[in-house]
>>> print(open('my_file-v9.cif').read())   # mmCIF, N, CA and C atoms
data_my_file
#
loop_
_atom_site.label_atom_id
_atom_site.label_comp_id
_atom_site.auth_asym_id
_atom_site.auth_seq_id
_atom_site.Cartn_x
_atom_site.Cartn_y
_atom_site.Cartn_z
N MET A 528 -23.74 -39.67 -26.95
CA MET A 528 -23.38 -39.21 -28.28
C MET A 528 -24.48 -38.30 -28.79
N THR A 529 -24.09 -37.19 -29.29
CA THR A 529 -25.04 -36.25 -29.83
C THR A 529 -25.04 -36.32 -31.34
N GLU A 530 -26.22 -36.17 -31.91
CA GLU A 530 -26.32 -36.16 -33.35
C GLU A 530 -25.55 -34.96 -33.88
N GLY A 531 -25.01 -35.11 -35.07
CA GLY A 531 -24.22 -34.04 -35.66
C GLY A 531 -22.73 -34.22 -35.43
N ARG A 532 -22.35 -35.08 -34.50
CA ARG A 532 -20.95 -35.38 -34.25
C ARG A 532 -20.66 -36.78 -34.73
N ASP A 533 -20.08 -36.88 -35.89
CA ASP A 533 -19.73 -38.19 -36.44
C ASP A 533 -18.27 -38.47 -36.10
N ILE A 534 -18.07 -39.22 -35.05
CA ILE A 534 -16.71 -39.56 -34.61
C ILE A 534 -16.48 -41.03 -34.94
N PRO A 535 -15.55 -41.32 -35.88
CA PRO A 535 -15.30 -42.73 -36.24
C PRO A 535 -14.68 -43.50 -35.07
N THR A 536 -14.96 -44.79 -35.04
CA THR A 536 -14.42 -45.66 -34.00
C THR A 536 -13.05 -46.17 -34.42
N MET A 537 -12.11 -46.08 -33.49
CA MET A 537 -10.75 -46.54 -33.73
C MET A 537 -10.68 -48.04 -33.47
N PRO A 538 -10.15 -48.82 -34.43
CA PRO A 538 -10.02 -50.26 -34.18
C PRO A 538 -8.98 -50.55 -33.08
N GLU A 539 -9.10 -51.70 -32.47
CA GLU A 539 -8.23 -52.04 -31.33
C GLU A 539 -6.76 -52.03 -31.70
N LYS A 540 -6.41 -52.52 -32.91
CA LYS A 540 -4.99 -52.53 -33.27
C LYS A 540 -4.43 -51.12 -33.43
N ALA A 541 -5.27 -50.18 -33.84
CA ALA A 541 -4.83 -48.78 -33.93
C ALA A 541 -4.67 -48.19 -32.53
N LEU A 542 -5.57 -48.56 -31.64
CA LEU A 542 -5.49 -48.08 -30.26
C LEU A 542 -4.20 -48.56 -29.60
N LYS A 543 -3.79 -49.79 -29.90
CA LYS A 543 -2.56 -50.33 -29.32
C LYS A 543 -1.33 -49.57 -29.80
N LEU A 544 -1.40 -48.96 -30.99
CA LEU A 544 -0.28 -48.15 -31.48
C LEU A 544 -0.01 -46.95 -30.57
N LEU A 545 -1.05 -46.49 -29.88
CA LEU A 545 -0.86 -45.37 -28.96
C LEU A 545 0.09 -45.74 -27.82
N GLY A 546 0.18 -47.04 -27.53
CA GLY A 546 1.13 -47.50 -26.52
C GLY A 546 2.57 -47.19 -26.91
N PHE A 547 2.87 -47.25 -28.21
CA PHE A 547 4.20 -46.89 -28.69
C PHE A 547 4.47 -45.40 -28.44
N CYS A 548 3.44 -44.59 -28.65
CA CYS A 548 3.58 -43.15 -28.38
C CYS A 548 3.89 -42.92 -26.90
N ARG A 549 3.20 -43.65 -26.03
CA ARG A 549 3.42 -43.49 -24.59
C ARG A 549 4.85 -43.84 -24.24
N ARG A 550 5.34 -44.96 -24.79
CA ARG A 550 6.70 -45.39 -24.46
C ARG A 550 7.76 -44.42 -25.00
N SER A 551 7.43 -43.72 -26.08
CA SER A 551 8.40 -42.75 -26.63
C SER A 551 8.16 -41.34 -26.10
N GLY A 552 7.23 -41.19 -25.17
CA GLY A 552 6.98 -39.88 -24.58
C GLY A 552 6.19 -38.94 -25.48
N LYS A 553 5.47 -39.50 -26.44
CA LYS A 553 4.71 -38.67 -27.38
C LYS A 553 3.22 -38.93 -27.29
N LEU A 554 2.75 -39.18 -26.07
CA LEU A 554 1.32 -39.38 -25.83
C LEU A 554 0.87 -38.39 -24.76
N VAL A 555 -0.20 -37.69 -25.06
CA VAL A 555 -0.81 -36.77 -24.11
C VAL A 555 -2.00 -37.50 -23.52
N CYS A 556 -2.05 -37.65 -22.19
CA CYS A 556 -3.13 -38.39 -21.53
C CYS A 556 -4.01 -37.46 -20.72
N GLY A 557 -5.32 -37.69 -20.80
CA GLY A 557 -6.28 -36.92 -20.03
C GLY A 557 -6.97 -35.88 -20.90
N ALA A 558 -8.27 -35.72 -20.70
CA ALA A 558 -9.05 -34.80 -21.53
C ALA A 558 -8.54 -33.37 -21.41
N GLY A 559 -8.23 -32.92 -20.21
CA GLY A 559 -7.74 -31.56 -20.01
C GLY A 559 -6.42 -31.32 -20.72
N GLN A 560 -5.51 -32.28 -20.62
CA GLN A 560 -4.21 -32.15 -21.27
C GLN A 560 -4.34 -32.18 -22.79
N VAL A 561 -5.24 -33.03 -23.30
CA VAL A 561 -5.44 -33.09 -24.75
C VAL A 561 -6.03 -31.77 -25.25
N LEU A 562 -7.03 -31.25 -24.53
CA LEU A 562 -7.62 -29.97 -24.92
C LEU A 562 -6.57 -28.86 -24.94
N ALA A 563 -5.71 -28.82 -23.93
CA ALA A 563 -4.67 -27.80 -23.86
C ALA A 563 -3.64 -27.98 -24.98
N SER A 564 -3.28 -29.22 -25.25
CA SER A 564 -2.23 -29.46 -26.25
C SER A 564 -2.72 -29.19 -27.68
N VAL A 565 -4.01 -29.35 -27.93
CA VAL A 565 -4.55 -29.09 -29.27
C VAL A 565 -4.30 -27.64 -29.66
N SER A 566 -4.35 -26.73 -28.69
CA SER A 566 -4.09 -25.31 -28.95
C SER A 566 -2.64 -24.92 -28.73
N GLY A 567 -1.83 -25.87 -28.28
CA GLY A 567 -0.46 -25.55 -27.91
C GLY A 567 0.53 -25.59 -29.05
N LYS A 568 1.81 -25.59 -28.67
CA LYS A 568 2.90 -25.57 -29.64
C LYS A 568 3.10 -26.91 -30.33
N ARG A 569 2.83 -28.01 -29.61
CA ARG A 569 2.99 -29.36 -30.18
C ARG A 569 1.66 -30.09 -30.10
N PRO A 570 0.71 -29.74 -30.98
CA PRO A 570 -0.60 -30.40 -30.91
C PRO A 570 -0.52 -31.85 -31.36
N PRO A 571 -1.42 -32.67 -30.86
CA PRO A 571 -1.45 -34.06 -31.33
C PRO A 571 -1.95 -34.12 -32.77
N PHE A 572 -1.54 -35.15 -33.49
CA PHE A 572 -2.00 -35.35 -34.85
C PHE A 572 -3.33 -36.11 -34.86
N VAL A 573 -3.52 -36.97 -33.85
CA VAL A 573 -4.79 -37.66 -33.66
C VAL A 573 -5.12 -37.65 -32.17
N ALA A 574 -6.41 -37.70 -31.89
CA ALA A 574 -6.88 -37.79 -30.51
C ALA A 574 -7.93 -38.89 -30.45
N VAL A 575 -8.03 -39.50 -29.29
CA VAL A 575 -9.03 -40.57 -29.09
C VAL A 575 -9.76 -40.28 -27.79
N ILE A 576 -11.06 -40.58 -27.81
CA ILE A 576 -11.90 -40.34 -26.65
C ILE A 576 -12.48 -41.67 -26.19
N ALA A 577 -12.56 -41.88 -24.90
CA ALA A 577 -13.09 -43.13 -24.33
C ALA A 577 -14.58 -43.23 -24.60
N SER A 578 -15.07 -44.46 -24.66
CA SER A 578 -16.49 -44.70 -24.96
C SER A 578 -17.42 -44.16 -23.88
N ASP A 579 -16.92 -44.03 -22.65
CA ASP A 579 -17.76 -43.57 -21.55
C ASP A 579 -17.46 -42.12 -21.14
N ALA A 580 -16.84 -41.36 -22.04
CA ALA A 580 -16.57 -39.95 -21.75
C ALA A 580 -17.89 -39.19 -21.68
N SER A 581 -17.91 -38.14 -20.89
CA SER A 581 -19.14 -37.36 -20.73
C SER A 581 -19.47 -36.60 -22.01
N GLU A 582 -20.73 -36.23 -22.11
CA GLU A 582 -21.21 -35.45 -23.25
C GLU A 582 -20.42 -34.14 -23.38
N ARG A 583 -20.15 -33.51 -22.26
CA ARG A 583 -19.41 -32.25 -22.25
C ARG A 583 -17.99 -32.44 -22.77
N THR A 584 -17.32 -33.47 -22.29
CA THR A 584 -15.95 -33.76 -22.73
C THR A 584 -15.93 -34.05 -24.22
N GLU A 585 -16.88 -34.85 -24.67
CA GLU A 585 -16.96 -35.18 -26.10
C GLU A 585 -17.15 -33.93 -26.94
N LYS A 586 -18.05 -33.05 -26.51
CA LYS A 586 -18.32 -31.83 -27.27
C LYS A 586 -17.09 -30.93 -27.31
N GLN A 587 -16.45 -30.75 -26.17
CA GLN A 587 -15.26 -29.90 -26.11
C GLN A 587 -14.16 -30.42 -27.04
N LEU A 588 -13.91 -31.73 -26.96
CA LEU A 588 -12.87 -32.32 -27.81
C LEU A 588 -13.25 -32.25 -29.28
N PHE A 589 -14.49 -32.57 -29.59
CA PHE A 589 -14.94 -32.54 -30.98
C PHE A 589 -14.79 -31.13 -31.56
N ASP A 590 -15.27 -30.13 -30.83
CA ASP A 590 -15.21 -28.75 -31.31
C ASP A 590 -13.77 -28.27 -31.50
N LYS A 591 -12.93 -28.50 -30.50
CA LYS A 591 -11.55 -28.02 -30.58
C LYS A 591 -10.76 -28.77 -31.65
N CYS A 592 -10.92 -30.08 -31.73
CA CYS A 592 -10.20 -30.86 -32.74
C CYS A 592 -10.67 -30.50 -34.15
N SER A 593 -11.96 -30.30 -34.32
CA SER A 593 -12.49 -29.91 -35.63
C SER A 593 -11.92 -28.56 -36.04
N HIS A 594 -11.89 -27.63 -35.11
CA HIS A 594 -11.40 -26.28 -35.39
C HIS A 594 -9.91 -26.28 -35.74
N ARG A 595 -9.14 -27.11 -35.06
CA ARG A 595 -7.68 -27.14 -35.24
C ARG A 595 -7.20 -28.18 -36.25
N GLY A 596 -8.10 -28.97 -36.81
CA GLY A 596 -7.71 -29.97 -37.81
C GLY A 596 -7.07 -31.22 -37.25
N VAL A 597 -7.38 -31.56 -36.00
CA VAL A 597 -6.87 -32.77 -35.38
C VAL A 597 -7.90 -33.88 -35.57
N LYS A 598 -7.46 -35.03 -36.08
CA LYS A 598 -8.37 -36.17 -36.27
C LYS A 598 -8.79 -36.71 -34.92
N LEU A 599 -10.10 -36.86 -34.72
CA LEU A 599 -10.63 -37.37 -33.46
C LEU A 599 -11.33 -38.70 -33.71
N PHE A 600 -11.01 -39.68 -32.88
CA PHE A 600 -11.62 -41.01 -32.97
C PHE A 600 -12.21 -41.38 -31.62
N ARG A 601 -13.16 -42.31 -31.65
CA ARG A 601 -13.74 -42.86 -30.42
C ARG A 601 -13.14 -44.24 -30.21
N ALA A 602 -12.72 -44.51 -28.98
CA ALA A 602 -12.22 -45.84 -28.63
C ALA A 602 -13.41 -46.71 -28.24
N ASP A 603 -13.29 -47.97 -28.49
CA ASP A 603 -14.34 -48.91 -28.11
C ASP A 603 -14.03 -49.49 -26.73
N VAL A 604 -13.37 -48.69 -25.90
CA VAL A 604 -13.02 -49.09 -24.53
C VAL A 604 -13.37 -47.96 -23.58
N THR A 605 -13.53 -48.31 -22.32
CA THR A 605 -13.85 -47.30 -21.29
C THR A 605 -12.58 -46.54 -20.89
N GLY A 606 -12.76 -45.50 -20.12
CA GLY A 606 -11.64 -44.73 -19.62
C GLY A 606 -10.70 -45.55 -18.75
N GLU A 607 -11.25 -46.44 -17.95
CA GLU A 607 -10.41 -47.30 -17.11
C GLU A 607 -9.61 -48.28 -17.96
N GLU A 608 -10.23 -48.82 -19.01
CA GLU A 608 -9.51 -49.73 -19.91
C GLU A 608 -8.42 -48.99 -20.67
N MET A 609 -8.70 -47.74 -21.06
CA MET A 609 -7.68 -46.94 -21.74
C MET A 609 -6.52 -46.66 -20.80
N ALA A 610 -6.81 -46.35 -19.56
CA ALA A 610 -5.75 -46.10 -18.57
C ALA A 610 -4.87 -47.34 -18.44
N HIS A 611 -5.49 -48.50 -18.38
CA HIS A 611 -4.74 -49.75 -18.26
C HIS A 611 -3.84 -49.96 -19.48
N LEU A 612 -4.35 -49.66 -20.68
CA LEU A 612 -3.56 -49.80 -21.91
C LEU A 612 -2.31 -48.92 -21.88
N PHE A 613 -2.42 -47.74 -21.26
CA PHE A 613 -1.32 -46.78 -21.24
C PHE A 613 -0.50 -46.85 -19.96
N GLY A 614 -0.78 -47.83 -19.11
CA GLY A 614 -0.01 -47.98 -17.88
C GLY A 614 -0.31 -46.93 -16.84
N LYS A 615 -1.51 -46.39 -16.86
CA LYS A 615 -1.92 -45.37 -15.90
C LYS A 615 -2.91 -45.97 -14.91
N THR A 616 -3.20 -45.26 -13.84
CA THR A 616 -4.22 -45.69 -12.91
C THR A 616 -5.43 -44.78 -13.06
N GLY A 617 -6.55 -45.23 -12.58
CA GLY A 617 -7.78 -44.43 -12.67
C GLY A 617 -8.40 -44.57 -14.04
N ALA A 618 -8.79 -43.44 -14.61
CA ALA A 618 -9.42 -43.44 -15.93
C ALA A 618 -8.79 -42.37 -16.81
N VAL A 619 -8.60 -42.70 -18.06
CA VAL A 619 -8.09 -41.76 -19.06
C VAL A 619 -9.21 -41.60 -20.08
N MET A 620 -9.86 -40.43 -20.07
CA MET A 620 -11.00 -40.20 -20.96
C MET A 620 -10.60 -39.78 -22.36
N ALA A 621 -9.36 -39.32 -22.52
CA ALA A 621 -8.89 -38.93 -23.85
C ALA A 621 -7.37 -39.02 -23.89
N ALA A 622 -6.86 -39.21 -25.10
CA ALA A 622 -5.41 -39.25 -25.30
C ALA A 622 -5.12 -38.69 -26.69
N GLY A 623 -3.91 -38.21 -26.87
CA GLY A 623 -3.52 -37.66 -28.16
C GLY A 623 -2.10 -38.08 -28.51
N ALA A 624 -1.88 -38.40 -29.80
CA ALA A 624 -0.56 -38.82 -30.28
C ALA A 624 0.13 -37.65 -30.97
N THR A 625 1.32 -37.28 -30.45
CA THR A 625 2.07 -36.20 -31.05
C THR A 625 3.15 -36.71 -32.01
N ASP A 626 3.18 -38.01 -32.25
CA ASP A 626 4.12 -38.61 -33.19
C ASP A 626 3.42 -38.74 -34.54
N GLN A 627 3.93 -38.03 -35.55
CA GLN A 627 3.25 -37.99 -36.84
C GLN A 627 3.23 -39.34 -37.55
N GLY A 628 4.30 -40.11 -37.44
CA GLY A 628 4.37 -41.42 -38.09
C GLY A 628 3.33 -42.38 -37.54
N ILE A 629 3.23 -42.46 -36.24
CA ILE A 629 2.24 -43.35 -35.62
C ILE A 629 0.84 -42.84 -35.89
N ALA A 630 0.65 -41.53 -35.86
CA ALA A 630 -0.67 -40.96 -36.15
C ALA A 630 -1.11 -41.32 -37.57
N SER A 631 -0.19 -41.29 -38.51
CA SER A 631 -0.50 -41.67 -39.90
C SER A 631 -0.93 -43.13 -39.98
N GLN A 632 -0.24 -44.00 -39.25
CA GLN A 632 -0.59 -45.42 -39.23
C GLN A 632 -1.98 -45.62 -38.62
N ILE A 633 -2.28 -44.87 -37.56
CA ILE A 633 -3.59 -44.97 -36.91
C ILE A 633 -4.70 -44.56 -37.89
N ILE A 634 -4.48 -43.46 -38.58
CA ILE A 634 -5.48 -42.99 -39.55
C ILE A 634 -5.67 -44.01 -40.66
N ARG A 635 -4.57 -44.55 -41.17
CA ARG A 635 -4.65 -45.56 -42.24
C ARG A 635 -5.40 -46.80 -41.77
N LEU A 636 -5.08 -47.30 -40.58
CA LEU A 636 -5.77 -48.49 -40.05
C LEU A 636 -7.25 -48.23 -39.85
N THR A 637 -7.59 -47.07 -39.35
CA THR A 637 -8.98 -46.73 -39.09
C THR A 637 -9.75 -46.61 -40.40
N GLN A 638 -9.15 -46.01 -41.40
CA GLN A 638 -9.81 -45.87 -42.69
C GLN A 638 -10.01 -47.22 -43.36
N SER A 639 -9.02 -48.11 -43.25
CA SER A 639 -9.15 -49.44 -43.88
C SER A 639 -10.21 -50.28 -43.17
N GLU A 640 -10.41 -50.08 -41.88
CA GLU A 640 -11.44 -50.81 -41.14
C GLU A 640 -12.83 -50.36 -41.51
N THR A 641 -13.00 -49.10 -41.88
CA THR A 641 -14.33 -48.58 -42.19
C THR A 641 -14.71 -48.76 -43.65
N GLU A 642 -13.75 -49.14 -44.49
CA GLU A 642 -14.05 -49.33 -45.92
C GLU A 642 -14.52 -50.73 -46.20
#
>>> encode(input="my_file-v9.cif", output="structure tokens")
Amino acid sequence: MTEGRDIPTMPEKALKLLGFCRRSGKLVCGAGQVLASVSGKRPPFVAVIASDASERTEKQLFDKCSHRGVKLFRADVTGEEMAHLFGKTGAVMAAGATDQGIASQIIRLTQSETE
């Protein structure tokens, strides 16, 4: 984590909401796919980065999400744990929710946890 990047931590119950996005086909998995979708036609409303993501991945996601107005959160789980949550194999270093309703719930839950 680099100073100057204040990325709030997403609570576990908010992270589990991303599973609903996956089941409805509205979850973008993988740092490369999230980076591409942030600039694309259907950008995610929120993005989450794994706790063990590289400094470079974190910087790229932080910069692009900040520029495009996408809320970025840090998960308190590793990439492998995130992959398991989403039914994937290997590691998922980032994910993005393109469902506005679920993204709103995630933001609300995260804000209530930090207050």
>>> residues_near_point(input="my_file-v9.cif", point="(-7.7, -50.8, -41.0)", cutoff="12 Å", atoms="only C-alpha atoms", output="list in words")
Thr536, Met537, Pro538, Glu539, Lys540, Ala541, Leu542, Ser631, Gln632, Ile633, Ile634, Arg635, Leu636, Thr637, Gln638, Ser639, Glu640, Thr641 and Glu642 of chain A
>>> residues_around(input="my_file-v9.cif", residues="range 568-583 of chain A", least_positions_apart="4", cutoff="6 Å", atoms="only C-alpha atoms", output="list in words")
Ser564, Val597, Lys598, Leu599, Phe600, Arg601, Ala602, Asp603, Val604, Thr605, Gly606, Met620, Ala621, Ala622, Gly623, Ala624, Thr625 and Ala630 of chain A
>>> resolve_selection(input="my_file-v9.cif", expression="the PyMOL selection byres ((chain A and resi 562) around 8)", output="list in words")
Cys556, Gly557, Ala558, Gly559, Gln560, Val561, Ala563, Ser564, Val565, Ser566, Gly567, Gln587, Leu588, Lys591, Cys592, Ala621, Ala622 and Gly623 of chain A
>>> atom_distance(input="my_file-v9.cif", atom1="CA of Asp590 in chain A", atom2="CA of Arg550 in chain A")
28.4 Å
>>> select_by_dssp(input="my_file-v9.cif", residues="range 564-630 of chain A", states="helix (DSSP H, G or I)", output="list of chain:residue names")
A:Ser564, A:Val565, A:Glu582, A:Arg583, A:Thr584, A:Glu585, A:Lys586, A:Gln587, A:Leu588, A:Phe589, A:Asp590, A:Lys591, A:Cys592, A:Ser593, A:His594, A:Arg595, A:Gly606, A:Glu607, A:Glu608, A:Met609, A:Ala610, A:His611, A:Leu612, A:Gln627, A:Gly628, A:Ile629, A:Ala630
>>> atom_distance(input="my_file-v9.cif", atom1="CA of Val619 in chain A", atom2="atom N of Glu607 in chain A")
5.8 Å
>>> build_atoms(input="my_file-v9.cif", residues="range 565-591 of chain A", atoms="N, CA, C and O atoms", output="short mmCIF file (atom, residue, chain, number, x, y, z; two decimals), keeping the file's coordinate frame")
data_model
loop_
_atom_site.label_atom_id
_atom_site.label_comp_id
_atom_site.auth_asym_id
_atom_site.auth_seq_id
_atom_site.Cartn_x
_atom_site.Cartn_y
_atom_site.Cartn_z
N VAL A 565 -4.01 -29.35 -27.93
CA VAL A 565 -4.55 -29.09 -29.27
C VAL A 565 -4.30 -27.64 -29.66
O VAL A 565 -4.03 -27.32 -30.81
N SER A 566 -4.35 -26.73 -28.69
CA SER A 566 -4.09 -25.31 -28.95
C SER A 566 -2.64 -24.92 -28.73
O SER A 566 -2.27 -23.78 -28.95
N GLY A 567 -1.83 -25.87 -28.28
CA GLY A 567 -0.46 -25.55 -27.91
C GLY A 567 0.53 -25.59 -29.05
O GLY A 567 0.18 -25.66 -30.23
N LYS A 568 1.81 -25.59 -28.67
CA LYS A 568 2.90 -25.57 -29.64
C LYS A 568 3.10 -26.91 -30.33
O LYS A 568 3.53 -26.97 -31.47
N ARG A 569 2.83 -28.01 -29.61
CA ARG A 569 2.99 -29.36 -30.18
C ARG A 569 1.66 -30.09 -30.10
O ARG A 569 1.48 -31.00 -29.29
N PRO A 570 0.71 -29.74 -30.98
CA PRO A 570 -0.60 -30.40 -30.91
C PRO A 570 -0.52 -31.85 -31.36
O PRO A 570 0.36 -32.21 -32.15
N PRO A 571 -1.42 -32.67 -30.86
CA PRO A 571 -1.45 -34.06 -31.33
C PRO A 571 -1.95 -34.12 -32.77
O PRO A 571 -2.66 -33.23 -33.23
N PHE A 572 -1.54 -35.15 -33.49
CA PHE A 572 -2.00 -35.35 -34.85
C PHE A 572 -3.33 -36.11 -34.86
O PHE A 572 -4.14 -35.93 -35.75
N VAL A 573 -3.52 -36.97 -33.85
CA VAL A 573 -4.79 -37.66 -33.66
C VAL A 573 -5.12 -37.65 -32.17
O VAL A 573 -4.23 -37.60 -31.33
N ALA A 574 -6.41 -37.70 -31.89
CA ALA A 574 -6.88 -37.79 -30.51
C ALA A 574 -7.93 -38.89 -30.45
O ALA A 574 -8.61 -39.16 -31.45
N VAL A 575 -8.03 -39.50 -29.29
CA VAL A 575 -9.03 -40.57 -29.09
C VAL A 575 -9.76 -40.28 -27.79
O VAL A 575 -9.17 -39.81 -26.83
N ILE A 576 -11.06 -40.58 -27.81
CA ILE A 576 -11.90 -40.34 -26.65
C ILE A 576 -12.48 -41.67 -26.19
O ILE A 576 -12.83 -42.52 -27.03
N ALA A 577 -12.56 -41.88 -24.90
CA ALA A 577 -13.09 -43.13 -24.33
C ALA A 577 -14.58 -43.23 -24.60
O ALA A 577 -15.29 -42.23 -24.73
N SER A 578 -15.07 -44.46 -24.66
CA SER A 578 -16.49 -44.70 -24.96
C SER A 578 -17.42 -44.16 -23.88
O SER A 578 -18.57 -43.83 -24.15
N ASP A 579 -16.92 -44.03 -22.65
CA ASP A 579 -17.76 -43.57 -21.55
C ASP A 579 -17.46 -42.12 -21.14
O ASP A 579 -17.83 -41.69 -20.05
N ALA A 580 -16.84 -41.36 -22.04
CA ALA A 580 -16.57 -39.95 -21.75
C ALA A 580 -17.89 -39.19 -21.68
O ALA A 580 -18.86 -39.54 -22.35
N SER A 581 -17.91 -38.14 -20.89
CA SER A 581 -19.14 -37.36 -20.73
C SER A 581 -19.47 -36.60 -22.01
O SER A 581 -18.62 -36.36 -22.86
N GLU A 582 -20.73 -36.23 -22.11
CA GLU A 582 -21.21 -35.45 -23.25
C GLU A 582 -20.42 -34.14 -23.38
O GLU A 582 -20.05 -33.73 -24.48
N ARG A 583 -20.15 -33.51 -22.26
CA ARG A 583 -19.41 -32.25 -22.25
C ARG A 583 -17.99 -32.44 -22.77
O ARG A 583 -17.50 -31.65 -23.59
N THR A 584 -17.32 -33.47 -22.29
CA THR A 584 -15.95 -33.76 -22.73
C THR A 584 -15.93 -34.05 -24.22
O THR A 584 -15.07 -33.55 -24.96
N GLU A 585 -16.88 -34.85 -24.67
CA GLU A 585 -16.96 -35.18 -26.10
C GLU A 585 -17.15 -33.93 -26.94
O GLU A 585 -16.48 -33.74 -27.95
N LYS A 586 -18.05 -33.05 -26.51
CA LYS A 586 -18.32 -31.83 -27.27
C LYS A 586 -17.09 -30.93 -27.31
O LYS A 586 -16.73 -30.40 -28.36
N GLN A 587 -16.45 -30.75 -26.17
CA GLN A 587 -15.26 -29.90 -26.11
C GLN A 587 -14.16 -30.42 -27.04
O GLN A 587 -13.56 -29.67 -27.80
N LEU A 588 -13.91 -31.73 -26.96
CA LEU A 588 -12.87 -32.32 -27.81
C LEU A 588 -13.25 -32.25 -29.28
O LEU A 588 -12.42 -31.91 -30.12
N PHE A 589 -14.49 -32.57 -29.59
CA PHE A 589 -14.94 -32.54 -30.98
C PHE A 589 -14.79 -31.13 -31.56
O PHE A 589 -14.24 -30.95 -32.65
N ASP A 590 -15.27 -30.13 -30.83
CA ASP A 590 -15.21 -28.75 -31.31
C ASP A 590 -13.77 -28.27 -31.50
O ASP A 590 -13.42 -27.71 -32.54
N LYS A 591 -12.93 -28.50 -30.50
CA LYS A 591 -11.55 -28.02 -30.58
C LYS A 591 -10.76 -28.77 -31.65
O LYS A 591 -10.03 -28.15 -32.42
#
